[in-house]
Every structure is written in C-alpha cells, then in structure tokens.
file model-v3.txt (compact mmCIF, C-alpha atoms and all ligand atoms)
# COMPACT_ATOMS: atom_id res chain seq x y z
CA MET A 25 -1.09 7.70 -6.96
CA LYS A 26 -3.21 4.57 -6.94
CA LYS A 27 -1.60 1.78 -4.91
CA LEU A 28 -1.12 -1.70 -6.32
CA TYR A 29 -1.79 -4.94 -4.44
CA ALA A 30 -1.68 -8.42 -5.93
CA VAL A 31 -1.92 -12.15 -5.44
CA LEU A 32 0.58 -14.45 -7.17
CA GLY A 33 -0.17 -18.13 -7.68
CA ASP A 34 -0.54 -20.92 -10.20
CA PRO A 35 -3.39 -21.64 -10.79
CA ILE A 36 -4.97 -18.33 -9.73
CA SER A 37 -8.12 -17.73 -11.82
CA GLN A 38 -10.43 -19.05 -9.06
CA SER A 39 -8.99 -16.77 -6.36
CA MET A 40 -11.63 -14.93 -4.36
CA SER A 41 -9.07 -12.44 -3.00
CA PRO A 42 -9.26 -9.74 -5.73
CA GLN A 43 -13.00 -9.21 -5.34
CA MET A 44 -12.79 -9.39 -1.55
CA HIS A 45 -9.95 -6.86 -1.22
CA ASN A 46 -11.16 -4.51 -3.97
CA ASP A 47 -14.54 -4.32 -2.22
CA LEU A 48 -12.74 -3.39 1.03
CA PHE A 49 -10.57 -0.76 -0.66
CA ALA A 50 -13.70 0.86 -2.13
CA PHE A 51 -15.58 0.62 1.18
CA TYR A 52 -12.75 2.23 3.21
CA GLY A 53 -11.94 4.83 0.53
CA VAL A 54 -8.43 3.50 -0.12
CA ASP A 55 -7.22 4.44 -3.62
CA ALA A 56 -5.85 1.01 -4.49
CA ALA A 57 -6.37 -1.95 -6.81
CA TYR A 58 -5.77 -5.65 -6.14
CA HIS A 59 -5.03 -7.90 -9.10
CA ALA A 60 -4.41 -11.64 -9.56
CA PHE A 61 -1.32 -12.71 -11.52
CA GLN A 62 -0.57 -16.22 -12.68
CA VAL A 63 3.13 -16.78 -12.00
CA LYS A 64 5.02 -19.98 -12.75
CA THR A 65 7.55 -21.27 -10.24
CA GLU A 66 10.51 -20.45 -12.47
CA GLU A 67 9.26 -16.88 -12.84
CA LEU A 68 8.61 -16.16 -9.16
CA SER A 69 11.93 -14.41 -8.59
CA ASP A 70 11.44 -12.07 -11.58
CA ALA A 71 7.84 -11.40 -10.54
CA ILE A 72 8.92 -10.35 -7.03
CA LYS A 73 11.70 -8.11 -8.39
CA GLY A 74 9.15 -6.56 -10.77
CA LEU A 75 6.63 -5.86 -8.01
CA LYS A 76 9.40 -4.30 -5.92
CA ALA A 77 10.69 -2.21 -8.83
CA ILE A 78 7.26 -0.75 -9.62
CA GLY A 79 6.59 -0.04 -5.95
CA ALA A 80 3.67 -2.40 -5.31
CA SER A 81 2.42 -1.71 -1.77
CA GLY A 82 1.82 -5.35 -0.84
CA PHE A 83 0.77 -8.72 -2.11
CA ASN A 84 -0.35 -12.23 -1.26
CA VAL A 85 1.27 -15.39 -2.50
CA THR A 86 -0.51 -18.71 -2.71
CA ILE A 87 0.08 -22.25 -3.93
CA PRO A 88 2.76 -23.16 -5.05
CA HIS A 89 4.89 -20.17 -3.92
CA LYS A 90 4.43 -19.92 -0.15
CA SER A 91 7.79 -21.50 0.76
CA ALA A 92 9.81 -20.56 -2.34
CA ILE A 93 9.25 -16.85 -1.71
CA ILE A 94 11.06 -16.79 1.63
CA PRO A 95 14.65 -16.32 0.33
CA LEU A 96 13.41 -13.64 -2.10
CA LEU A 97 12.24 -11.27 0.66
CA ASP A 98 14.16 -8.65 2.65
CA ALA A 99 12.83 -9.87 6.01
CA VAL A 100 10.42 -12.50 7.31
CA ASP A 101 8.37 -12.41 10.50
CA PRO A 102 9.42 -15.08 13.07
CA LEU A 103 6.12 -17.05 12.98
CA ALA A 104 6.23 -17.25 9.17
CA LEU A 105 9.85 -18.39 9.34
CA GLU A 106 8.95 -21.08 11.87
CA ILE A 107 6.04 -22.27 9.70
CA GLY A 108 8.26 -22.04 6.63
CA ALA A 109 5.59 -20.29 4.57
CA VAL A 110 4.65 -16.71 3.72
CA ASN A 111 1.27 -15.73 2.29
CA THR A 112 1.36 -11.95 2.84
CA VAL A 113 4.03 -9.40 1.90
CA VAL A 114 4.16 -5.76 2.96
CA ASN A 115 6.33 -3.20 1.18
CA GLN A 116 7.78 -1.11 4.03
CA ASP A 117 9.73 1.80 2.50
CA GLY A 118 11.03 -0.34 -0.34
CA ARG A 119 11.76 -3.44 1.78
CA LEU A 120 9.58 -6.53 1.27
CA ILE A 121 8.57 -8.06 4.60
CA GLY A 122 6.87 -11.51 4.69
CA PHE A 123 4.18 -12.71 7.08
CA ASN A 124 1.97 -15.76 7.50
CA THR A 125 -1.68 -14.85 8.12
CA ASP A 126 -3.03 -18.37 7.41
CA GLY A 127 -2.28 -19.71 10.90
CA PRO A 128 -3.40 -16.53 12.73
CA GLY A 129 -6.43 -16.35 10.39
CA PHE A 130 -7.44 -19.85 11.37
CA LEU A 131 -6.94 -19.05 15.07
CA THR A 132 -9.03 -15.86 14.95
CA GLY A 133 -11.78 -17.65 13.02
CA ILE A 134 -12.04 -20.60 15.39
CA GLN A 135 -12.17 -18.30 18.41
CA SER A 136 -15.82 -17.56 17.64
CA GLU A 137 -16.54 -21.23 18.48
CA MET A 138 -13.70 -21.78 21.00
CA PRO A 139 -12.58 -18.49 22.53
CA ASP A 140 -9.63 -19.97 24.45
CA ILE A 141 -7.29 -22.52 22.89
CA PHE A 142 -5.21 -22.69 26.08
CA GLY A 143 -5.26 -26.21 27.56
CA LYS A 144 -7.37 -27.67 24.76
CA ARG A 145 -6.79 -31.13 23.21
CA ILE A 146 -6.70 -30.84 19.47
CA LEU A 147 -6.62 -33.31 16.59
CA LEU A 148 -5.27 -32.10 13.27
CA ILE A 149 -6.10 -34.15 10.18
CA GLY A 150 -3.48 -33.78 7.45
CA ALA A 151 0.19 -32.84 7.36
CA GLY A 152 0.53 -30.57 4.30
CA GLY A 153 1.19 -26.85 4.07
CA ALA A 154 -2.11 -25.74 5.59
CA ALA A 155 -1.73 -28.20 8.48
CA ARG A 156 1.75 -26.88 9.19
CA ALA A 157 0.58 -23.24 9.54
CA ILE A 158 -2.29 -24.28 11.81
CA TYR A 159 -0.13 -26.69 13.86
CA PHE A 160 2.46 -24.05 14.81
CA THR A 161 -0.20 -21.44 15.55
CA LEU A 162 -2.27 -23.73 17.82
CA ALA A 163 0.80 -25.04 19.64
CA LYS A 164 1.97 -21.45 20.24
CA ALA A 165 -1.51 -20.48 21.46
CA GLY A 166 -1.11 -22.89 24.40
CA ALA A 167 -2.94 -26.05 23.33
CA ALA A 168 -2.37 -28.95 25.74
CA ARG A 169 -2.16 -31.51 22.89
CA VAL A 170 -2.01 -31.22 19.12
CA ASP A 171 -2.03 -34.76 17.71
CA ILE A 172 -1.83 -35.32 13.98
CA TYR A 173 -3.57 -37.98 11.93
CA ASN A 174 -2.40 -38.19 8.31
CA ARG A 175 -2.90 -40.85 5.64
CA THR A 176 0.90 -41.05 5.43
CA GLN A 177 1.85 -41.30 9.11
CA GLU A 178 5.55 -40.63 8.37
CA ARG A 179 4.67 -37.17 7.12
CA ALA A 180 2.82 -36.37 10.35
CA LYS A 181 5.87 -37.58 12.33
CA ALA A 182 8.17 -35.40 10.20
CA LEU A 183 6.02 -32.32 10.84
CA ILE A 184 6.01 -32.93 14.58
CA ASP A 185 9.75 -33.66 14.71
CA SER A 186 10.55 -30.47 12.79
CA SER A 187 8.85 -28.36 15.47
CA PRO A 188 9.76 -27.28 19.00
CA TYR A 189 6.36 -28.65 20.11
CA SER A 190 6.98 -32.39 19.71
CA HIS A 191 6.24 -32.95 23.44
CA LEU A 192 2.63 -31.87 22.75
CA SER A 193 2.05 -34.23 19.84
CA ASN A 194 1.69 -37.78 18.62
CA ALA A 195 1.39 -38.91 15.02
CA VAL A 196 -1.68 -41.10 15.52
CA SER A 197 -2.83 -44.03 13.40
CA LEU A 198 -6.32 -44.34 11.92
CA GLN A 199 -7.22 -47.00 14.49
CA GLN A 200 -5.97 -44.85 17.39
CA VAL A 201 -7.82 -41.82 16.18
CA GLN A 202 -11.10 -43.68 15.75
CA GLU A 203 -10.85 -45.01 19.32
CA GLU A 204 -9.64 -41.80 20.95
CA LEU A 205 -11.85 -39.38 19.06
CA PRO A 206 -13.95 -38.38 22.13
CA ILE A 207 -10.93 -36.95 23.98
CA TYR A 208 -10.47 -34.10 21.51
CA ASP A 209 -12.00 -30.67 22.21
CA LEU A 210 -11.28 -29.49 18.68
CA ILE A 211 -10.86 -31.42 15.42
CA VAL A 212 -9.37 -29.59 12.43
CA GLN A 213 -9.67 -31.12 8.94
CA THR A 214 -6.95 -29.67 6.66
CA THR A 215 -6.74 -32.16 3.77
CA SER A 216 -8.34 -31.82 0.34
CA VAL A 217 -10.55 -34.86 1.03
CA GLY A 218 -14.19 -33.83 0.57
CA MET A 219 -13.42 -30.83 -1.63
CA TYR A 220 -15.27 -30.38 -4.92
CA PRO A 221 -15.30 -32.47 -7.16
CA ARG A 222 -14.72 -35.28 -4.62
CA GLU A 223 -17.32 -34.07 -2.17
CA ASN A 224 -18.56 -37.54 -1.25
CA GLU A 225 -15.32 -38.50 0.54
CA LYS A 226 -14.37 -38.16 4.21
CA PRO A 227 -10.89 -38.58 5.76
CA LEU A 228 -12.35 -40.65 8.65
CA THR A 229 -15.66 -41.66 10.20
CA LEU A 230 -16.94 -39.87 13.28
CA GLU A 231 -18.76 -42.75 15.05
CA ASN A 232 -17.16 -41.94 18.42
CA LEU A 233 -17.30 -38.16 18.22
CA SER A 234 -18.33 -36.38 21.41
CA GLU A 235 -21.13 -33.83 21.04
CA THR A 236 -19.03 -31.40 23.08
CA SER A 237 -16.31 -31.28 20.40
CA VAL A 238 -15.92 -28.47 17.91
CA VAL A 239 -15.21 -29.71 14.37
CA THR A 240 -13.82 -27.51 11.63
CA ASP A 241 -12.92 -28.09 8.01
CA ILE A 242 -10.76 -25.61 6.08
CA ILE A 243 -12.59 -26.52 2.85
CA TYR A 244 -15.18 -23.95 1.66
CA ASN A 245 -16.36 -25.65 -1.54
CA PRO A 246 -18.72 -27.26 -0.63
CA LEU A 247 -19.64 -25.06 2.34
CA GLU A 248 -20.64 -28.17 4.28
CA THR A 249 -18.36 -31.12 3.59
CA GLN A 250 -19.51 -34.68 4.32
CA PHE A 251 -17.13 -34.53 7.28
CA LEU A 252 -18.89 -31.48 8.75
CA ALA A 253 -22.31 -32.95 7.99
CA ALA A 254 -21.36 -36.11 9.94
CA ALA A 255 -20.09 -34.00 12.86
CA LYS A 256 -23.31 -31.96 12.92
CA LYS A 257 -25.34 -35.17 12.98
CA LYS A 258 -23.42 -36.20 16.11
CA GLY A 259 -24.44 -32.91 17.77
CA ALA A 260 -21.03 -31.24 17.54
CA ARG A 261 -20.56 -27.55 16.70
CA ILE A 262 -19.06 -27.04 13.25
CA GLN A 263 -17.25 -24.34 11.28
CA ASN A 264 -16.39 -24.30 7.57
CA GLY A 265 -13.35 -22.91 5.75
CA VAL A 266 -14.89 -19.54 4.93
CA GLU A 267 -13.80 -18.22 8.35
CA MET A 268 -10.09 -19.02 7.90
CA PHE A 269 -10.20 -17.53 4.42
CA ILE A 270 -11.77 -14.24 5.46
CA TYR A 271 -9.60 -13.84 8.57
CA GLN A 272 -6.33 -14.51 6.72
CA GLY A 273 -7.49 -11.75 4.35
CA ALA A 274 -8.58 -9.43 7.17
CA ILE A 275 -5.20 -9.72 8.93
CA ALA A 276 -3.39 -9.08 5.61
CA PHE A 277 -5.62 -6.03 4.94
CA GLU A 278 -4.80 -4.67 8.39
CA LYS A 279 -1.06 -5.09 7.76
CA TRP A 280 -1.39 -3.14 4.50
CA THR A 281 -3.74 -0.35 5.59
CA GLY A 282 -3.74 -0.24 9.40
CA VAL A 283 -7.50 -0.95 9.38
CA PHE A 284 -8.96 -4.24 10.61
CA PRO A 285 -11.85 -4.62 8.16
CA ASP A 286 -15.51 -5.52 8.65
CA THR A 287 -15.48 -9.32 8.51
CA ASN A 288 -19.28 -9.52 8.11
CA ARG A 289 -18.89 -7.58 4.89
CA MET A 290 -16.06 -9.91 3.81
CA ARG A 291 -18.15 -13.00 4.61
CA LYS A 292 -21.04 -11.70 2.49
CA ASN A 293 -18.66 -11.01 -0.39
CA VAL A 294 -17.08 -14.46 -0.22
CA LEU A 295 -20.40 -16.30 0.12
CA GLN A 296 -21.67 -14.39 -2.89
CA GLN A 297 -18.58 -15.43 -4.88
CA LEU A 298 -18.97 -19.04 -3.76
CA GLY A 299 -22.63 -18.96 -4.70
CA GLY A 300 -21.56 -18.23 -8.21
CA THR A 301 -18.92 -20.95 -8.44
CA ILE A 302 -20.19 -23.89 -6.44
CA CYS A 303 -21.21 -26.73 -8.71
P1 LIG B 401 -1.82 -28.23 1.35
O1 LIG B 401 -0.55 -27.45 1.23
O2 LIG B 401 -2.99 -27.57 0.67
O3 LIG B 401 -2.12 -28.64 2.76
P2 LIG B 401 -0.54 -30.71 0.51
O4 LIG B 401 0.75 -30.25 1.05
O5 LIG B 401 -0.55 -31.35 -0.83
O6 LIG B 401 -1.60 -29.54 0.43
O7 LIG B 401 -1.22 -31.69 1.59
C1 LIG B 401 -2.37 -32.37 1.31
C2 LIG B 401 -2.85 -33.12 2.54
O8 LIG B 401 -4.04 -33.83 2.17
C3 LIG B 401 -1.89 -34.19 3.03
O9 LIG B 401 -2.05 -34.35 4.42
C4 LIG B 401 -2.36 -35.44 2.27
O10 LIG B 401 -2.03 -36.67 2.87
P3 LIG B 401 -0.65 -37.43 2.47
O11 LIG B 401 0.45 -36.75 3.22
O12 LIG B 401 -0.88 -38.84 2.90
O13 LIG B 401 -0.52 -37.29 0.97
C5 LIG B 401 -3.85 -35.23 2.36
N1 LIG B 401 -4.57 -35.97 1.32
C6 LIG B 401 -4.71 -35.64 0.03
N2 LIG B 401 -5.47 -36.55 -0.62
C7 LIG B 401 -5.84 -37.48 0.30
C8 LIG B 401 -6.66 -38.66 0.27
N3 LIG B 401 -7.25 -39.07 -0.84
N4 LIG B 401 -6.82 -39.33 1.43
C9 LIG B 401 -6.24 -38.92 2.58
N5 LIG B 401 -5.47 -37.82 2.66
C10 LIG B 401 -5.27 -37.10 1.55
call {"tool": "encode", "arguments": {"input": "model-v3.txt", "output": "structure tokens", "more": "lines below"}}
Ligand code: ATR
result
Amino acid sequence: MKKLYAVLGDPISQSMSPQMHNDLFAFYGVDAAYHAFQVKTEELSDAIKGLKAIGASGFNVTIPHKSAIIPLLDAVDPLALEIGAVNTVVNQDGRLIGFNTDGPGFLTGIQSEMPDIFGKRILLIGAGGAARAIYFTLAKAGAARVDIYNRTQERAKALIDSSPYSHLSNAVSLQQVQEELPIYDLIVQTTSVGMYPRENEKPLTLENLSETSVVTDIIYNPLETQFLAAAKKKGARIQNGVEMFIYQGAIAFEKWTGVFPDTNRMRKNVLQQLGGTIC
C-alpha cells in the first residue's frame, strides 16, 4: 500500500518540502506520497490523532507547531527535547517518535565550509526558534564560544540561561558585536531581517569582519541577502539557507526510509522551486 508522508503548518502553501520529497520518493522507487496540510493551532491535536489513526508513515511539522507537538507524541529524541522543538516525526510500529533535524541539518550543511566546529568561536544573530535549534547543536558539537546578538538582548540572555551551555556564551550588545566581529570564525544569521519582501535590510553592518570568517544566513529568499553580499565584499566565505533546508530534509528522509538521499538532486529541485517563486 502506498505510504503517506505530510507536512503540517500554517501557513503552508509556500512549502518546498512536498516537491522535494516526492521527487526523492520517485527517484528511489519508494511507493509513497508527501502532502502539505494547513493545520490551525487548535486543530493540531486532532490532526496528529488522525495521521496516527490512518497509519501515516511520517511527517514534518513547521511554524507554528514545532513546540506544541511535543506533548502529543509517544516519544521525543533527547536533542529535540533539549531544543524544545520537533520538526520530524517517524511512525515506528504505531508509535509517533519526534526528532529535530533543523539543528543537525544546519550543522551538516555548514560542514562543507567549516568541517570541524570543535574549538570554533561562533556568533549567532537572533534568538527565536531557529536560533535555538542551531545554538544547542553548535554547543553540543564542541564550539569554544557561541555568543548571541539579538535586537532584544533579554531574549538572547533567556536562551543562554535556559541551556546547559551558558559558560560558552554571552548575550552581546550591538556595540560589542560591531567591535568584536573579527574574533568570530563563524557568523550565523537566523533572523527574518533581509528576507523577501524586506530584502534591503541587514541585522548589522560588517565593517570589521575578518576575511577568514565564514558567514551564513538561513534565509533562502533571496538566495543572497544583503548581509551575505556585504560579507562576500569583505572577502569572507558565505553560505545561504538552501543548505540547511535541504539537509534538514535529507536527515528526515533518512529517518523515514533508511536512505540518505542525493543532496545535489535536492539542491537542484529546491533552486528550481525558488526560481519560480522569487520576486
Ligand atoms: P523563528 O522561529 O523563525 O526564529 P521568531 O521566534 O519569531 O522566528 O524569531 C525571530 C527572530 O528575528 C528574533 O531573534 C527577532 O528578534 P527579537 O527577539 O528582538 O524580536 C528577530 N527579528 C525579527 N525582526 C527583526 C528586526 N526588524 N530587527 C531585528 N531583529 C528582528
């Protein structure tokens, strides 16, 4: 019988996951279909029960359900519990098991530019849900420092204080970050600043950036944010948000099928989809 996979979110119509995963299912000869469902917060619990009742093999959840889903699952992987967010669910013999592949997806993606995170000094910009997944993953991977700059400094402090990694981190002010920019090996931009339709904005200027730094932005629309363009101009190596997106999907696909998929194929698929939607 054909297997069912899904993504639940609100909004969901722009999701690139159905096309990406359906292409992989066809390519690997898996008899399965992946469908996007718009689910309101108050209907999440019923939606999960429904997917379980009909025997869906697995699904993704995205904004705004990544935290709310946790108490609705039968078990949650320790990293996802620590992050406090699940984006991937596997149906294991009728039990729904939650994972977070956003953090690991980011880590795998950035390893093409920075193979070893161990001992690296990292600056994270932003303190929302995406920042949280990346923060825990980088701290666990052995970073020497993971400082956080956020418009609302209190929120950066709260993220750090809620973690077992507070000894690695400072919530830095805008002035501090502008002065200390050259000490960071890796700078990770996780806010929505610079995303379409506000693509002319940057979360901070990069006057003092060292050309030996790697700079990454998790935004993929536009493919090159003003922030990445400024980093490139300073001679730094850059990476856009396509990598995190495809690797979170690749790790989810592997959990569902046992096959780690061809990420070059995924990248082509996603760039083609973005080509059609970028304004
Ligand atoms: P997500 O879960 O996608 O990370 P979020 O939880 O809403 O989204 O977090 C958004 C992040 O973008 C936050 O770090 C937010 O900063 P604040 O905590 O100060 O709100 C940041 N952000 C959003 N708009 C911003 C803006 N115009 N300038 C600076 N930071 C902004």
call {"tool": "residues_near_ligand", "arguments": {"input": "model-v3.txt", "ligand": "ligand LIG 401 (chain B)", "cutoff": "9 Å", "atoms": "all atoms listed in the file", "output": "MDAnalysis selection string"}}
result
chainID A and resid 87:88 149:156 173:180 214:218 225:228
call {"tool": "residues_around", "arguments": {"input": "model-v3.txt", "residues": "segment 262-269 of chain A", "least_positions_apart": "5", "cutoff": "9 Å", "atoms": "all atoms listed in the file", "output": "ChimeraX atom specification"}}
result
/A:126-134,137,237-245,247-249,252-253,255-256,274,291,294-295
call {"tool": "write_last_selection", "arguments": {"input": "model-v3.txt", "atoms": "C-alpha atoms", "output": "compact mmCIF listing (two decimals), in the frame of the given file"}}
result
# COMPACT_ATOMS: atom_id res chain seq x y z
CA ASP A 126 -3.03 -18.37 7.41
CA GLY A 127 -2.28 -19.71 10.90
CA PRO A 128 -3.40 -16.53 12.73
CA GLY A 129 -6.43 -16.35 10.39
CA PHE A 130 -7.44 -19.85 11.37
CA LEU A 131 -6.94 -19.05 15.07
CA THR A 132 -9.03 -15.86 14.95
CA GLY A 133 -11.78 -17.65 13.02
CA ILE A 134 -12.04 -20.60 15.39
CA GLU A 137 -16.54 -21.23 18.48
CA SER A 237 -16.31 -31.28 20.40
CA VAL A 238 -15.92 -28.47 17.91
CA VAL A 239 -15.21 -29.71 14.37
CA THR A 240 -13.82 -27.51 11.63
CA ASP A 241 -12.92 -28.09 8.01
CA ILE A 242 -10.76 -25.61 6.08
CA ILE A 243 -12.59 -26.52 2.85
CA TYR A 244 -15.18 -23.95 1.66
CA ASN A 245 -16.36 -25.65 -1.54
CA LEU A 247 -19.64 -25.06 2.34
CA GLU A 248 -20.64 -28.17 4.28
CA THR A 249 -18.36 -31.12 3.59
CA LEU A 252 -18.89 -31.48 8.75
CA ALA A 253 -22.31 -32.95 7.99
CA ALA A 255 -20.09 -34.00 12.86
CA LYS A 256 -23.31 -31.96 12.92
CA ALA A 274 -8.58 -9.43 7.17
CA ARG A 291 -18.15 -13.00 4.61
CA VAL A 294 -17.08 -14.46 -0.22
CA LEU A 295 -20.40 -16.30 0.12
call {"tool": "closest_atom_pairs", "arguments": {"input": "model-v3.txt", "of": "segment 183-291 of chain A", "to": "segment 41-48 of chain A", "cutoff": "10 Å", "atoms": "all atoms listed in the file", "output": "tab-separated table"}}
result
residue	atom	partner	partner_atom	distance
A:Phe269	CA	A:Ser41	CA	9.1
A:Ile270	CA	A:Met44	CA	8.6
A:Gly273	CA	A:Ser41	CA	7.5
A:Ala274	CA	A:His45	CA	8.9
A:Ala276	CA	A:His45	CA	9.7
A:Phe277	CA	A:His45	CA	7.6
A:Pro285	CA	A:Leu48	CA	7.3
A:Asp286	CA	A:Leu48	CA	8.4
A:Thr287	CA	A:Leu48	CA	9.9
A:Arg289	CA	A:Leu48	CA	8.4
A:Met290	CA	A:Met44	CA	6.3
A:Arg291	CA	A:Met44	CA	8.9
call {"tool": "atom_distance", "arguments": {"input": "model-v3.txt", "atom1": "atom CA of Ala163 of chain A", "atom2": "atom CA of Tyr189 of chain A"}}
result
6.6 Å
call {"tool": "atom_distance", "arguments": {"input": "model-v3.txt", "atom1": "atom CA of Ile275 of chain A", "atom2": "atom CA of Gln297 of chain A"}}
result
20.1 Å
call {"tool": "atom_distance", "arguments": {"input": "model-v3.txt", "atom1": "atom CA of Gln213 of chain A", "atom2": "atom CA of Ile172 of chain A"}}
result
10.2 Å
call {"tool": "closest_residue", "arguments": {"input": "model-v3.txt", "among": "A:Ile146, A:Ala165, A:Val283, A:Ile94", "to": "Asn194 of chain A", "atoms": "only C-alpha atoms"}}
result
A:Ile146
call {"tool": "residues_around", "arguments": {"input": "model-v3.txt", "residues": "Lys76 of chain A", "least_positions_apart": "3", "cutoff": "12 Å", "atoms": "all atoms listed in the file", "output": "PyMOL selection string"}}
result
chain A and resi 28-30+69-73+79-83+96-98+113-121
call {"tool": "axis_aligned_box", "arguments": {"input": "model-v3.txt", "around": "segment 273-279 of chain A", "padding_each_side": "3 Å", "output": "lines of an AutoDock Vina configuration file"}}
result
center_x = -4.8
center_y = -8.2
center_z = 6.6
size_x = 13.5
size_y = 13.1
size_z = 10.6
call {"tool": "residues_around", "arguments": {"input": "model-v3.txt", "residues": "Glu66 of chain A", "least_positions_apart": "6", "cutoff": "12 Å", "atoms": "all atoms listed in the file", "output": "mmCIF file with C-alpha atoms, in the frame of the given file"}}
result
data_model
loop_
_atom_site.group_PDB
_atom_site.id
_atom_site.type_symbol
_atom_site.label_atom_id
_atom_site.label_comp_id
_atom_site.auth_asym_id
_atom_site.auth_seq_id
_atom_site.Cartn_x
_atom_site.Cartn_y
_atom_site.Cartn_z
ATOM 1 C CA GLY A 33 -0.170 -18.130 -7.680
ATOM 2 C CA ASP A 34 -0.540 -20.920 -10.200
ATOM 3 C CA ILE A 72 8.920 -10.350 -7.030
ATOM 4 C CA PRO A 88 2.760 -23.160 -5.050
ATOM 5 C CA HIS A 89 4.890 -20.170 -3.920
ATOM 6 C CA ALA A 92 9.810 -20.560 -2.340
ATOM 7 C CA ILE A 93 9.250 -16.850 -1.710
#
call {"tool": "closest_residue", "arguments": {"input": "model-v3.txt", "among": "A:Gly282, A:Gly299, A:Pro221, A:Gly143", "to": "Val54 of chain A", "atoms": "all atoms listed in the file"}}
result
A:Gly282
call {"tool": "decode", "arguments": {"input": "model-v3.txt", "residues": "segment 36-47 of chain A", "atoms": "N, CA, C and O atoms", "output": "CSV table (one decimal), in the first residue's frame"}}
result
chain,number,residue,atom,x,y,z
A,36,ILE,N,1.2,27.2,4.9
A,36,ILE,CA,1.9,26.0,4.4
A,36,ILE,C,2.0,26.0,2.9
A,36,ILE,O,2.8,25.3,2.3
A,37,SER,N,1.3,26.9,2.2
A,37,SER,CA,1.2,26.8,0.7
A,37,SER,C,2.5,27.0,0.0
A,37,SER,O,2.8,26.5,-1.1
A,38,GLN,N,3.4,27.7,0.7
A,38,GLN,CA,4.7,28.0,0.0
A,38,GLN,C,5.8,26.9,0.3
A,38,GLN,O,6.9,27.0,-0.1
A,39,SER,N,5.4,25.9,1.1
A,39,SER,CA,6.4,24.9,1.4
A,39,SER,C,7.0,24.2,0.2
A,39,SER,O,6.3,23.8,-0.7
A,40,MET,N,8.3,24.1,0.3
A,40,MET,CA,9.0,23.4,-0.8
A,40,MET,C,9.2,21.9,-0.5
A,40,MET,O,9.7,21.2,-1.4
A,41,SER,N,8.8,21.5,0.6
A,41,SER,CA,9.0,20.1,1.0
A,41,SER,C,8.2,19.1,0.2
A,41,SER,O,8.8,18.0,-0.2
A,42,PRO,N,7.0,19.3,-0.2
A,42,PRO,CA,6.3,18.2,-0.9
A,42,PRO,C,7.0,17.9,-2.2
A,42,PRO,O,7.3,16.7,-2.5
A,43,GLN,N,7.4,18.9,-3.0
A,43,GLN,CA,8.0,18.6,-4.3
A,43,GLN,C,9.4,18.0,-4.1
A,43,GLN,O,9.8,17.1,-4.8
A,44,MET,N,10.1,18.4,-3.0
A,44,MET,CA,11.4,17.9,-2.8
A,44,MET,C,11.4,16.4,-2.4
A,44,MET,O,12.1,15.6,-2.9
A,45,HIS,N,10.4,16.1,-1.5
A,45,HIS,CA,10.3,14.7,-1.0
A,45,HIS,C,9.7,13.8,-2.0
A,45,HIS,O,10.1,12.6,-2.2
A,46,ASN,N,8.7,14.3,-2.8
A,46,ASN,CA,8.0,13.4,-3.8
A,46,ASN,C,9.0,13.1,-4.9
A,46,ASN,O,9.0,12.0,-5.4
A,47,ASP,N,9.9,14.0,-5.2
A,47,ASP,CA,10.9,13.8,-6.2
A,47,ASP,C,11.9,12.7,-5.7
A,47,ASP,O,12.2,11.7,-6.5
